[in-house]
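J.: After the structure tokens below, expect a handful of questions from me.
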Amino acid sequence: MDLPARLALRLELEALYAEYAACLDDDELERWPEFFATDCRYEIIPRENFDRGLPLAVMRCESRAMLIDRVAALRRSSVYAPRALRHLISGVRITAVEGDSVSAQATYTIVQTPLDEEPAIFNVGRYLDRLVRDAGALKFVERLCVYDSVLVPGSLIFPI
Amino acid sequence: MDLPARLALRLELEALYAEYAACLDDDELERWPEFFATDCRYEIIPRENFDRGLPLAVMRCESRAMLIDRVAALRRSSVYAPRALRHLISGVRITAVEGDSVSAQATYTIVQTPLDEEPAIFNVGRYLDRLVRDAGALKFVERLCVYDSVLVPGSLIFPI
Amino acid sequence: MDLPARLALRLELEALYAEYAACLDDDELERWPEFFATDCRYEIIPRENFDRGLPLAVMRCESRAMLIDRVAALRRSSVYAPRALRHLISGVRITAVEGDSVSAQATYTIVQTPLDEEPAIFNVGRYLDRLVRDAGALKFVERLCVYDSVLVPGSLIFPI
């Protein structure tokens with residue numbers, strides 16, 4: 001891959017991650033499944049389980065249809081307290097490029113501002129991603145969100 | 001807009017935002033108005049007011065001259081406690097390009113370290129920007145800082 | 001330096017910083033000295049000392065060999081509690097380019113998640129860097145980590 005192509009790919013990924021973060025932060029959850037391929041895997045996993053190879057995930061979806069179901073379920077529930085979320089994505093790294101497939105990693109940090117409280121870090125961890133190009137646009141075939149906390153945050157019912 | 005031009009614009013914006021953050025973090029407030037066009041609008045607005053279309057802003061300046069006045073007033077006052085600030089800017093998104101005018105958004109997170117205390121998040125929110133090219137350099141025609149907290153932080157007298 | 005070259009350099013720096021952060025966050029400390037030139041200077045300095053020109057550093061290494069010793073010493077010690085670290089690097093700025101030498105600055109924020117605790121900001125500050133190109137790759141000739149806290153965090157024995 002020549003330099004301009006790799007630069008372009010890096011910038012394309014950064015722009016995609018920024019759009020993904022904005023989708024969640026703006027509470028436009030209905031658009032969230034569109035970032036994924038039809039056949040895909042999305043998981044939220046505590047780091048300790050991931051490092052030990054344990055399959056236990058806090059959230060697991062195995063197709064775009066399941067992501068859509070997940071959003072519908074979230075919209076029906078109203079157990080969560082009002083709060084604002086911000087996903088800060090940093091440290092984007094392209095770890096492999098093979099044909100139309102890209103593997104990448106990034107660090108995410110979610111800052112939460114509950115109503116009438118100060119902002120604080122809610123969750124931090126890594127995205128482990130595999131993407132494919134579909135009709136020009138990169139889509140997630142796999143997004144594993146491996147978070148640092150051992151504790152399962154009580155309100156970790158939202159996508160990361 | 002062809003790919004190289006869009007890539008170049010994205011990088012130019014990221015570099016500009018990094019310079020803006022460094023200006024504030026290095027306490028070089030006198031340089032801060034230079035990031036703006038002569039005719040400009042700068043506001044700090046709680047998210048709730050912004051979402052409801054309420055005009056109430058915590059800070060509002062309607063020209064570069066007002067920004068300069070603001071800095072002068074800040075320098076005269078000495079009510080604030082010594083502390084260090086860091087503006088982390090992430091998630092830059094170009095939302096529109098029309099001729100010499102660029103609309104963009106980004107997430108900001110301000111980390112504050114008061115003297116003799118641990119660092120903590122002071123304020124988090126979005127920049128909603130409109131910029132124009134003036135003599136080669138991009139300048140803010142509009143920068144709205146929409147912060148997530150409902151509370152007005154007592155010390156929110158500094159530019160964001 | 002023409003525009004494409006400067007864009008390429010900015011992206012190269014961002015990729016390098018992301019690799020550096022991942023090396024520390026993945027606890028691959030043995031790879032850490034490889035980011036530096038054989039003759040190099042690495043220091044962690046409280047902001048107040050740096051601003052006053054005081055030479056007192058919390059950590060100082062004056063060659064790659066000293067960095068390697070440092071890592072070995074860290075691996076022998078076992079005083080530190082288990083925890084996960086994330087280095088968020090933002091606001092990359094190229095401040096000078098002279099031949100093969102690049103001066104740059106960036107903001108770092110370290111988020112720490114101790115076992116069984118919530119994540120919180122551990123340390124925040126600036127990287128003041130000078131790099132040279134060696135066999136194609138940029139290496140740190142100087143990396144000063146100037147942190148905002150006046151307090152010396154008890155556990156600041158790890159590289160930043």
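The way I read the labels, and the way they are meant: chains A, B, ... in the order of the structure tokens, residue 1 as the first residue of every chain, and ligand 1 as the first ligand shown, with later ones counted on from there.
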Using only C-alpha atoms, find which residues of chain A lie within 7 Å of chain B and jot them down as a ChimeraX atom specification.
T.: /A:11,15,18,84,88-89,113,115-116,118-120
J.: Store the residues picked out above, limited to all heavy atoms, as a short mmCIF file (atom, residue, chain, number, x, y, z; two decimals), in the first residue's frame.
T.:
data_model
loop_
_atom_site.label_atom_id
_atom_site.label_comp_id
_atom_site.auth_asym_id
_atom_site.auth_seq_id
_atom_site.Cartn_x
_atom_site.Cartn_y
_atom_site.Cartn_z
N LEU A 11 -7.31 8.39 7.69
CA LEU A 11 -8.24 9.51 7.84
C LEU A 11 -9.68 9.04 7.71
O LEU A 11 -10.58 9.53 8.41
CB LEU A 11 -7.94 10.59 6.80
CG LEU A 11 -6.76 11.47 7.18
CD1 LEU A 11 -6.31 12.28 5.99
CD2 LEU A 11 -7.14 12.39 8.34
N ALA A 15 -12.52 9.50 10.59
CA ALA A 15 -13.80 10.13 10.30
C ALA A 15 -14.95 9.19 10.66
O ALA A 15 -15.96 9.60 11.23
CB ALA A 15 -13.87 10.55 8.83
N ALA A 18 -15.42 9.02 14.37
CA ALA A 18 -16.04 10.26 14.85
C ALA A 18 -17.55 10.24 14.58
O ALA A 18 -18.35 10.67 15.42
CB ALA A 18 -15.39 11.48 14.19
N ALA A 84 -26.05 12.68 29.84
CA ALA A 84 -25.41 12.89 28.54
C ALA A 84 -24.15 12.04 28.50
O ALA A 84 -23.47 11.87 29.51
CB ALA A 84 -25.08 14.37 28.37
N LEU A 88 -15.03 9.58 23.63
CA LEU A 88 -13.77 10.13 23.13
C LEU A 88 -12.97 8.97 22.55
O LEU A 88 -12.70 7.99 23.25
CB LEU A 88 -12.96 10.75 24.27
CG LEU A 88 -13.70 11.54 25.34
CD1 LEU A 88 -12.73 12.10 26.36
CD2 LEU A 88 -14.52 12.65 24.73
N ILE A 89 -12.63 9.06 21.29
CA ILE A 89 -11.90 7.98 20.63
C ILE A 89 -10.52 8.48 20.28
O ILE A 89 -10.37 9.56 19.69
CB ILE A 89 -12.68 7.48 19.40
CG1 ILE A 89 -14.03 6.92 19.88
CG2 ILE A 89 -11.87 6.40 18.66
CD1 ILE A 89 -14.97 6.52 18.78
N THR A 113 -22.35 12.60 31.96
CA THR A 113 -22.82 13.68 32.82
C THR A 113 -24.25 13.40 33.22
O THR A 113 -25.18 13.63 32.44
CB THR A 113 -22.75 15.05 32.08
OG1 THR A 113 -21.45 15.23 31.52
CG2 THR A 113 -23.04 16.19 33.06
N LEU A 115 -27.79 14.01 35.04
CA LEU A 115 -28.53 15.24 35.34
C LEU A 115 -28.16 15.74 36.74
O LEU A 115 -28.15 14.96 37.70
CB LEU A 115 -30.03 14.92 35.27
CG LEU A 115 -30.99 16.09 35.05
CD1 LEU A 115 -30.76 16.74 33.69
CD2 LEU A 115 -32.44 15.60 35.16
N ASP A 116 -27.82 17.01 36.83
CA ASP A 116 -27.49 17.63 38.11
C ASP A 116 -26.24 17.07 38.78
O ASP A 116 -26.10 17.17 40.00
CB ASP A 116 -28.67 17.52 39.10
CG ASP A 116 -29.92 18.19 38.57
OD1 ASP A 116 -29.78 19.24 37.93
OD2 ASP A 116 -31.01 17.65 38.79
N GLU A 118 -21.75 16.34 38.23
CA GLU A 118 -20.55 16.69 37.48
C GLU A 118 -20.21 15.57 36.50
O GLU A 118 -20.52 14.41 36.75
CB GLU A 118 -19.36 16.88 38.44
CG GLU A 118 -19.54 18.01 39.43
CD GLU A 118 -19.54 19.37 38.74
OE1 GLU A 118 -18.87 19.49 37.70
OE2 GLU A 118 -20.23 20.28 39.23
N PRO A 119 -19.53 15.88 35.40
CA PRO A 119 -19.10 14.82 34.47
C PRO A 119 -18.02 13.94 35.10
O PRO A 119 -17.23 14.40 35.92
CB PRO A 119 -18.53 15.61 33.28
CG PRO A 119 -18.25 16.98 33.79
CD PRO A 119 -19.16 17.23 34.94
N ALA A 120 -18.03 12.68 34.72
CA ALA A 120 -17.03 11.73 35.21
C ALA A 120 -16.86 10.62 34.18
O ALA A 120 -17.73 10.39 33.34
CB ALA A 120 -17.46 11.15 36.55
#
J.: Hey, what's within 6 Å of A:Tyr42 if we count only C-alpha atoms and toss same-chain stuff fewer than 6 positions away? As number ranges by chain, please?
T.: A: 60-61, 142-144
J.: Identify, on the basis of only C-alpha atoms, every residue whose closest approach to A:Asp39 does not exceed 7 Å; exclude the query and any residue fewer than 2 positions from it along the same chain; express the result as a PyMOL selection string.
T.: chain A and resi 37+63-64+141
J.: With DSSP run on the backbone, what are the strand (DSSP E) residues within stretch 64-120 of chain A? I'd like them as a ChimeraX atom specification.
T.: /A:83-98,101-114,120
J.: Could you write out that same residue set with C-alpha atoms as a CSV table (one decimal), in the first residue's frame?
T.:
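Written file, result-v3.csv:
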chain,number,residue,atom,x,y,z
A,83,ARG,CA,-27.7,11.7,31.3
A,84,ALA,CA,-25.4,12.9,28.5
A,85,LEU,CA,-22.7,10.7,27.1
A,86,ARG,CA,-19.5,11.6,25.2
A,87,HIS,CA,-17.4,9.0,23.5
A,88,LEU,CA,-13.8,10.1,23.1
A,89,ILE,CA,-11.9,8.0,20.6
A,90,SER,CA,-8.1,8.2,20.5
A,91,GLY,CA,-5.1,6.1,19.4
A,92,VAL,CA,-6.5,4.8,16.2
A,93,ARG,CA,-4.2,2.0,14.9
A,94,ILE,CA,-4.4,0.1,11.6
A,95,THR,CA,-3.1,-3.4,12.5
A,96,ALA,CA,-3.8,-5.2,9.2
A,97,VAL,CA,-5.0,-4.5,5.6
A,98,GLU,CA,-5.9,-7.5,3.4
A,101,SER,CA,-10.6,-6.0,4.9
A,102,VAL,CA,-9.1,-3.7,7.5
A,103,SER,CA,-8.2,-4.6,11.1
A,104,ALA,CA,-7.9,-1.7,13.5
A,105,GLN,CA,-7.8,-0.8,17.2
A,106,ALA,CA,-8.6,2.3,19.1
A,107,THR,CA,-9.0,3.5,22.7
A,108,TYR,CA,-12.4,4.8,23.8
A,109,THR,CA,-13.3,6.8,26.9
A,110,ILE,CA,-16.9,7.5,27.8
A,111,VAL,CA,-17.6,10.6,29.8
A,112,GLN,CA,-21.0,10.7,31.4
A,113,THR,CA,-22.8,13.7,32.8
A,114,PRO,CA,-25.8,12.6,34.9
A,120,ALA,CA,-17.0,11.7,35.2
J.: Can you tell me which residues surround B:Val132 at a distance of at most 6 Å, considering only C-alpha atoms, apart from same-chain residues fewer than 3 positions away, and format the answer as a ChimeraX atom specification?
T.: /B:100-101,138-139
J.: Please produce an output containing N, CA and C atoms for each residue in the selection, written as a compact mmCIF listing (two decimals), in the first residue's frame.
T.:
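Contents of the output file selection04.txt:
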# COMPACT_ATOMS: atom_id res chain seq x y z
N ASP B 100 -15.84 28.86 0.45
CA ASP B 100 -14.81 29.11 1.47
C ASP B 100 -15.31 28.86 2.89
N SER B 101 -16.53 28.37 3.02
CA SER B 101 -17.13 28.20 4.34
C SER B 101 -17.17 26.71 4.72
N LEU B 138 -8.03 29.49 8.18
CA LEU B 138 -9.42 29.33 8.61
C LEU B 138 -9.64 30.09 9.92
N LYS B 139 -10.73 30.85 9.98
CA LYS B 139 -11.10 31.61 11.17
C LYS B 139 -12.52 31.23 11.58
